[in-house]
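K.L.:
Have a look at this one.
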Amino acid sequence: MQLQLVLPGLLWHGQVLRDISADLSLPALSWLLGRARQRWLPPAPPEAVLATAFGIQPAPGEDLPYAALRRLGDGSDGGQPSKEGYWLCLDPVCLSIGKRRLTLATDAPLPDDNEMQAIITALTPLFHELCPGFRALHLGPSGHAYLHLDTTPNIQTTPPSFAASPESMLPQGSTALPWRKLLNEAQILLHTLPFNLQREETGQSRLNALWLWGGGTLPRACPNPAAFTQVCGPSPLLSGLCRLAALAAPLQMEAATVLKAAPGTRALVFLDDLQSPAHQYDALAWSEALQTLERTWLQPLCQALRHGTLRHLTLKATGDAAQLELKLSATARWQFWRRPLPLSHLEIPAP
């Protein structure tokens, strides 16, 4: 069996990571770090790691088609995927700008369908007037919306999971200025909607921004449909990738269940438990989530490597400053001279 594990949010900036992990007991993770072949890569959003795993690569100067893939996975296409036109995520969010970075408020309730429909109804005339190539705004589940265009805009965007500053949420590129003006007008309109005023009156956080990201057309086919035979994870983007590759929808399973799969299984496991606390700089919640992952996933994976039932493990950890790839095979159990490497001793290369 082969398994690829993706852990967004494991890596923090060097000294911060050392400080928050120094007192954590993580023997399985330390064993993996010590025995693995390490490869440091430039930082990347977790969405890019998942897309790349299926062989989907962006063209130079273009985004990966996250919107089209997420829509394929969240079911808002009604079972009839549109392979025509250009899709962008247009997600209402509650932004908080702190001393260190821009973050998305996790305590703000997601907009319900009525609120989302009010947003789409209010924004549609504005986009008809100001948006180049506008075709339609579409409602998605879980507080998501999609912008459908007839033309391809020459802009680059950043996923919310990779946001670091207010500038990162704005479109970039040679034609970005009119898009920035459009978003500014749309956000002014968002502030005035009655449901947003009601949120404030009831003590809830207002939706104060629209995040435009993930533009592209839906790929005609998955470049690497045979990469995996089993996929686990709670991501609509991952569901879309599976659907594109004609795989079964991702499941949420425990490690023991995954590791009981047939010997020839090629599994992809996406665990985002660390992502939100890392993005919020919540060290306590991050530490608790990591200790849970140590117990529920990393220890069983180590045992499977030691017993030879797991032949190959690839672990991809992401963070703001870097991406780390670990590769181990069952022969790692015999490499006694390689000592465990605590997470607090991990040397993250300077950007």
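We name chains A, B, ... following the order of the structure tokens; residues begin at 1 in each chain, and ligands are numbered from 1 as shown.
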Can you pull out the residues contacting Cys89 in chain A? Cut-off 8 Å, using only C-alpha atoms, and skip same-chain residues under 4 positions away; I want them as a ChimeraX atom specification.
P.N.:
/A:66-67,144-147,211-215
K.L.:
Taking the backbone alone, and naming residues the way the document does, which bits of range 42-210 of chain A are helix (DSSP H, G or I) by DSSP, as a ChimeraX atom specification?
P.N.:
/A:46-53,66-74,113-130,160-162,166-169,176-192,194-201
K.L.:
Taking only C-alpha atoms into account, name the residue in A:Pro349, A:Pro263, A:Gly216, A:Pro125 that is nearest to Lys83 in chain A.
P.N.:
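So, comparing all the options, the nearest one is A:Gly216.
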K.L.:
Quick one: of A:Pro166, A:Gly308, A:Pro300, A:Pro236, who's nearest to Pro27 in chain A, counting only C-alpha atoms?
P.N.:
A:Pro300
K.L.:
How close does range 246-311 of chain A get to range 334-340 of chain A? List, as a Markdown table, each residue of range 246-311 of chain A within 12 Å, its nearest atom pair and the distance in Å to one decimal, counting only C-alpha atoms.
P.N.:
```
| residue | atom | partner | partner_atom | distance |
| --- | --- | --- | --- | --- |
| A:Leu305 | CA | A:Trp334 | CA | 10.5 |
| A:Arg306 | CA | A:Trp334 | CA | 8.6 |
| A:His307 | CA | A:Trp334 | CA | 11.1 |
| A:Gly308 | CA | A:Trp334 | CA | 11.1 |
```
K.L.:
For Gly143 in chain A, which residue among A:Leu110, A:Ala51, A:Leu183, A:Ala36 is the nearest when counting only C-alpha atoms?
P.N.:
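Nearest to Gly143 in chain A: A:Leu110.
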K.L.:
Could you check how far CA of Lys316 in chain A sits from CA of Pro58 in chain A, in Å to one decimal?
P.N.:
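Computing the Euclidean distance for CA of Lys316 in chain A and CA of Pro58 in chain A yields 19.3 Å.
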K.L.:
Any idea what's packed within 8 Å of Pro46 in chain A, counting only C-alpha atoms, ignoring anything in its chain fewer than 4 positions away? Could you give it as a ChimeraX atom specification?
P.N.:
/A:6,8,50,161,318
K.L.:
Write a file of the selected residues as a JSON list (two decimals), in the first residue's frame, keeping N, CA and C atoms.
P.N.:
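part_7.json, written as the output of this step:
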```
[["chain", "number", "residue", "atom", "x", "y", "z"],
["A", 6, "VAL", "N", -1.53, 14.80, 3.34],
["A", 6, "VAL", "CA", -1.36, 16.25, 3.21],
["A", 6, "VAL", "C", -1.82, 16.90, 4.50],
["A", 8, "PRO", "N", -1.98, 20.57, 5.84],
["A", 8, "PRO", "CA", -1.82, 22.03, 5.81],
["A", 8, "PRO", "C", -1.80, 22.59, 7.22],
["A", 50, "LEU", "N", -3.19, 19.70, -3.54],
["A", 50, "LEU", "CA", -4.16, 18.70, -3.96],
["A", 50, "LEU", "C", -4.27, 18.64, -5.48],
["A", 161, "SER", "N", -7.00, 30.55, 1.98],
["A", 161, "SER", "CA", -6.13, 29.75, 2.84],
["A", 161, "SER", "C", -4.69, 30.22, 2.81],
["A", 318, "THR", "N", 2.39, 21.95, 4.84],
["A", 318, "THR", "CA", 2.46, 23.30, 4.28],
["A", 318, "THR", "C", 2.42, 24.34, 5.39]]
```
K.L.:
As number ranges by chain, please: the residues near Trp87 in chain A (cut-off 12 Å, only C-alpha atoms, same-chain neighbours under 5 positions excluded).
P.N.:
A: 63-72, 77, 81-82, 133-138, 145-153, 212-219
K.L.:
Leaving out Trp12 in chain A and any residue of its chain fewer than 3 positions from it, which residues lie within 9 Å of it when counting only C-alpha atoms, given as a PyMOL selection string?
P.N.:
chain A and resi 9+15-18+278+318-322+348
K.L.:
Write the residues you've just listed into a file as a compact mmCIF listing (two decimals), in the first residue's frame, and include C-alpha atoms for each of them.
P.N.:
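Resulting contents of selection.txt:
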```
# COMPACT_ATOMS: atom_id res chain seq x y z
CA GLY A 9 -0.88 24.25 8.72
CA GLN A 15 11.16 30.51 15.89
CA VAL A 16 7.40 30.43 16.45
CA LEU A 17 7.30 26.74 15.52
CA ARG A 18 10.15 26.00 17.92
CA ALA A 278 -2.48 27.99 12.26
CA THR A 318 2.46 23.30 4.28
CA GLY A 319 2.87 26.67 5.95
CA ASP A 320 3.34 30.34 5.17
CA ALA A 321 7.10 30.14 4.70
CA ALA A 322 7.68 26.76 3.07
CA ILE A 348 12.88 25.74 8.03
```
K.L.:
Restricting the calculation to only C-alpha atoms, which member of A:Leu324, A:Leu104, A:Leu190, A:Leu341 is positioned closest to Leu41 in chain A?
P.N.:
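Under the stated criterion, the closest residue is A:Leu324.
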K.L.:
Contacts of Thr309 in chain A at 12 Å or less, counting only C-alpha atoms, minus same-chain residues fewer than 6 places along, as an MDAnalysis selection string?
P.N.:
chainID A and resid 1:3 256 258:265 300:303 329:331 333
K.L.:
Please write the residues from the selection above to a file, keeping N, CA and C atoms, as a short mmCIF file (atom, residue, chain, number, x, y, z; two decimals), in the first residue's frame.
P.N.:
```cif
data_model
loop_
_atom_site.label_atom_id
_atom_site.label_comp_id
_atom_site.auth_asym_id
_atom_site.auth_seq_id
_atom_site.Cartn_x
_atom_site.Cartn_y
_atom_site.Cartn_z
N MET A 1 0.84 -1.20 0.00
CA MET A 1 0.00 0.00 0.00
C MET A 1 0.88 1.25 0.00
N GLN A 2 0.44 2.27 -0.74
CA GLN A 2 1.10 3.57 -0.75
C GLN A 2 0.11 4.61 -0.25
N LEU A 3 0.62 5.58 0.50
CA LEU A 3 -0.26 6.60 1.06
C LEU A 3 0.42 7.96 1.00
N ALA A 256 -7.10 3.43 10.89
CA ALA A 256 -7.16 1.97 10.91
C ALA A 256 -7.94 1.44 9.72
N VAL A 258 -8.39 2.99 6.75
CA VAL A 258 -7.61 3.23 5.54
C VAL A 258 -6.51 2.19 5.39
N LEU A 259 -5.84 1.89 6.48
CA LEU A 259 -4.69 0.98 6.43
C LEU A 259 -5.09 -0.48 6.25
N LYS A 260 -6.38 -0.78 6.32
CA LYS A 260 -6.85 -2.14 6.06
C LYS A 260 -7.13 -2.38 4.58
N ALA A 261 -6.90 -1.36 3.76
CA ALA A 261 -7.18 -1.48 2.33
C ALA A 261 -6.27 -2.53 1.69
N ALA A 262 -6.62 -2.91 0.48
CA ALA A 262 -5.87 -3.94 -0.24
C ALA A 262 -4.43 -3.50 -0.46
N PRO A 263 -3.49 -4.45 -0.58
CA PRO A 263 -2.06 -4.12 -0.70
C PRO A 263 -1.73 -3.16 -1.83
N GLY A 264 -2.44 -3.21 -2.94
CA GLY A 264 -2.12 -2.34 -4.07
C GLY A 264 -2.77 -0.97 -4.02
N THR A 265 -3.40 -0.64 -2.91
CA THR A 265 -4.11 0.64 -2.79
C THR A 265 -3.14 1.82 -2.83
N PRO A 300 -0.53 5.34 14.03
CA PRO A 300 -0.87 4.18 13.18
C PRO A 300 -0.04 4.09 11.91
N LEU A 301 0.29 5.23 11.30
CA LEU A 301 1.12 5.19 10.09
C LEU A 301 2.52 4.68 10.40
N CYS A 302 3.09 5.11 11.52
CA CYS A 302 4.41 4.61 11.92
C CYS A 302 4.37 3.10 12.15
N GLN A 303 3.35 2.64 12.82
CA GLN A 303 3.23 1.20 13.08
C GLN A 303 3.10 0.42 11.78
N SER A 329 9.88 4.72 3.05
CA SER A 329 9.46 3.40 2.63
C SER A 329 9.54 2.47 3.83
N ALA A 330 9.09 1.25 3.65
CA ALA A 330 9.11 0.30 4.76
C ALA A 330 10.52 0.01 5.25
N THR A 331 11.53 0.27 4.42
CA THR A 331 12.92 0.04 4.86
C THR A 331 13.36 1.04 5.93
N ARG A 333 12.27 1.33 8.74
CA ARG A 333 12.27 0.68 10.06
C ARG A 333 13.64 0.11 10.41
#
```
K.L.:
Could you pull out the strand (DSSP E or B) residues of range 9-223 of chain A from DSSP and send them as a VMD selection string?
P.N.:
chain A and resid 9 to 11 37 to 41 86 to 93 95 to 97 102 to 104 134 to 139 145 to 149 156 172 209 to 216
K.L.:
Write the selection just made, keeping N, CA and C atoms, as a short mmCIF file (atom, residue, chain, number, x, y, z; two decimals), in the first residue's frame?
P.N.:
```cif
data_model
loop_
_atom_site.label_atom_id
_atom_site.label_comp_id
_atom_site.auth_asym_id
_atom_site.auth_seq_id
_atom_site.Cartn_x
_atom_site.Cartn_y
_atom_site.Cartn_z
N GLY A 9 -0.94 23.59 7.43
CA GLY A 9 -0.88 24.25 8.72
C GLY A 9 0.10 23.66 9.71
N LEU A 10 0.85 22.62 9.32
CA LEU A 10 1.82 22.05 10.26
C LEU A 10 2.99 22.99 10.49
N LEU A 11 3.41 23.71 9.47
CA LEU A 11 4.61 24.54 9.55
C LEU A 11 4.27 25.99 9.88
N ARG A 37 13.31 11.05 3.98
CA ARG A 37 14.06 11.91 3.07
C ARG A 37 13.29 13.22 2.95
N GLN A 38 13.94 14.30 3.31
CA GLN A 38 13.27 15.60 3.34
C GLN A 38 13.55 16.38 2.05
N ARG A 39 12.51 17.08 1.61
CA ARG A 39 12.69 18.00 0.47
C ARG A 39 11.87 19.25 0.75
N TRP A 40 12.56 20.40 0.78
CA TRP A 40 11.89 21.67 1.01
C TRP A 40 11.48 22.28 -0.32
N LEU A 41 10.25 22.80 -0.35
CA LEU A 41 9.69 23.40 -1.56
C LEU A 41 9.17 24.79 -1.24
N TYR A 86 -15.50 30.68 -17.98
CA TYR A 86 -14.46 30.86 -16.96
C TYR A 86 -15.16 31.06 -15.62
N TRP A 87 -14.70 30.35 -14.58
CA TRP A 87 -15.34 30.38 -13.27
C TRP A 87 -14.40 30.97 -12.22
N LEU A 88 -14.98 31.75 -11.31
CA LEU A 88 -14.25 32.29 -10.16
C LEU A 88 -15.08 32.07 -8.90
N CYS A 89 -14.43 31.77 -7.79
CA CYS A 89 -15.10 31.78 -6.50
C CYS A 89 -15.34 33.23 -6.09
N LEU A 90 -16.53 33.53 -5.60
CA LEU A 90 -16.85 34.85 -5.08
C LEU A 90 -17.50 34.63 -3.72
N ASP A 91 -16.68 34.54 -2.68
CA ASP A 91 -17.14 34.11 -1.36
C ASP A 91 -17.25 35.28 -0.40
N PRO A 92 -18.43 35.50 0.20
CA PRO A 92 -18.54 36.51 1.26
C PRO A 92 -17.79 36.04 2.51
N VAL A 93 -17.02 36.93 3.10
CA VAL A 93 -16.20 36.57 4.26
C VAL A 93 -16.26 37.69 5.29
N LEU A 95 -13.58 39.56 7.43
CA LEU A 95 -12.13 39.75 7.56
C LEU A 95 -11.78 40.39 8.89
N SER A 96 -10.65 39.99 9.41
CA SER A 96 -10.07 40.63 10.59
C SER A 96 -8.60 40.90 10.27
N ILE A 97 -8.19 42.14 10.43
CA ILE A 97 -6.81 42.52 10.13
C ILE A 97 -6.09 42.78 11.44
N LEU A 102 -3.69 39.17 7.87
CA LEU A 102 -5.11 39.19 7.60
C LEU A 102 -5.66 37.80 7.88
N THR A 103 -6.78 37.72 8.59
CA THR A 103 -7.38 36.42 8.89
C THR A 103 -8.87 36.47 8.61
N LEU A 104 -9.45 35.30 8.44
CA LEU A 104 -10.89 35.16 8.30
C LEU A 104 -11.46 34.78 9.66
N PHE A 134 -19.34 39.28 -18.19
CA PHE A 134 -20.24 38.70 -17.18
C PHE A 134 -21.29 37.81 -17.81
N ARG A 135 -21.46 36.60 -17.25
CA ARG A 135 -22.52 35.70 -17.67
C ARG A 135 -23.56 35.54 -16.56
N ALA A 136 -23.12 35.18 -15.34
CA ALA A 136 -24.08 34.99 -14.25
C ALA A 136 -23.34 34.83 -12.93
N LEU A 137 -24.08 35.06 -11.84
CA LEU A 137 -23.64 34.68 -10.50
C LEU A 137 -24.45 33.46 -10.08
N HIS A 138 -23.77 32.48 -9.49
CA HIS A 138 -24.42 31.23 -9.11
C HIS A 138 -24.27 30.98 -7.61
N LEU A 139 -25.34 30.48 -7.02
CA LEU A 139 -25.33 30.14 -5.60
C LEU A 139 -24.70 28.77 -5.40
N ALA A 145 -20.28 31.30 -3.44
CA ALA A 145 -20.91 31.76 -4.68
C ALA A 145 -19.87 31.69 -5.79
N TYR A 146 -20.37 31.69 -7.03
CA TYR A 146 -19.49 31.56 -8.19
C TYR A 146 -19.84 32.63 -9.22
N LEU A 147 -18.79 33.17 -9.82
CA LEU A 147 -18.91 34.13 -10.91
C LEU A 147 -18.56 33.42 -12.21
N HIS A 148 -19.49 33.46 -13.17
CA HIS A 148 -19.31 32.78 -14.45
C HIS A 148 -19.11 33.84 -15.54
N LEU A 149 -18.02 33.71 -16.28
CA LEU A 149 -17.67 34.69 -17.31
C LEU A 149 -17.61 34.03 -18.68
N GLN A 156 -4.58 37.45 -11.60
CA GLN A 156 -4.16 36.36 -10.72
C GLN A 156 -4.73 36.63 -9.33
N GLN A 172 -4.51 40.59 -8.95
CA GLN A 172 -3.26 41.12 -9.47
C GLN A 172 -3.25 40.94 -10.99
N ALA A 209 -16.54 41.56 3.30
CA ALA A 209 -15.70 41.51 2.09
C ALA A 209 -16.16 40.37 1.19
N LEU A 210 -15.78 40.48 -0.06
CA LEU A 210 -16.01 39.43 -1.05
C LEU A 210 -14.65 38.97 -1.55
N TRP A 211 -14.40 37.67 -1.44
CA TRP A 211 -13.09 37.14 -1.84
C TRP A 211 -13.23 36.50 -3.23
N LEU A 212 -12.55 37.10 -4.19
CA LEU A 212 -12.55 36.61 -5.57
C LEU A 212 -11.28 35.80 -5.79
N TRP A 213 -11.43 34.54 -6.18
CA TRP A 213 -10.24 33.70 -6.29
C TRP A 213 -10.53 32.45 -7.11
N GLY A 214 -9.42 31.80 -7.50
CA GLY A 214 -9.50 30.46 -8.10
C GLY A 214 -10.05 30.42 -9.50
N GLY A 215 -9.70 31.40 -10.35
CA GLY A 215 -10.28 31.47 -11.68
C GLY A 215 -9.72 30.45 -12.65
N GLY A 216 -10.58 29.98 -13.55
CA GLY A 216 -10.13 29.07 -14.59
C GLY A 216 -11.30 28.34 -15.23
#
```
K.L.:
My list of candidates is A:Leu130, A:Ala245, A:Gly240, A:Glu254. Which is closest to Asp74 in chain A when distances are computed with only C-alpha atoms?
P.N.:
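Of A:Leu130, A:Ala245, A:Gly240, A:Glu254, the one nearest Asp74 in chain A is A:Gly240, counting only C-alpha atoms.
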K.L.:
Find the residue from A:Tyr281, A:Trp297, A:Phe162, A:Phe195 that sits nearest to Asp113 in chain A; use only C-alpha atoms when measuring.
P.N.:
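Nearest to Asp113 in chain A: A:Phe195.
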K.L.:
Quick one: pull the distance between CA of Pro159 in chain A and CA of Ser76 in chain A, Å, one decimal.
P.N.:
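Computing it gives 19.6 Å between the two atoms.
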K.L.:
In Å, with one decimal, what is the gap from CA of Ala28 in chain A to CA of His312 in chain A?
P.N.:
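Taking CA of Ala28 in chain A as the start and CA of His312 in chain A as the end point, the length is 15.9 Å.
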K.L.:
Write out as a list in words which residues come within 7 Å of Ser239 in chain A when counting only C-alpha atoms, dropping same-chain ones fewer than 4 positions away.
P.N.:
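Once the nearby chain positions are removed, what remains is Gly73, Ser235, Arg243, Ala249 and Pro250 of chain A.
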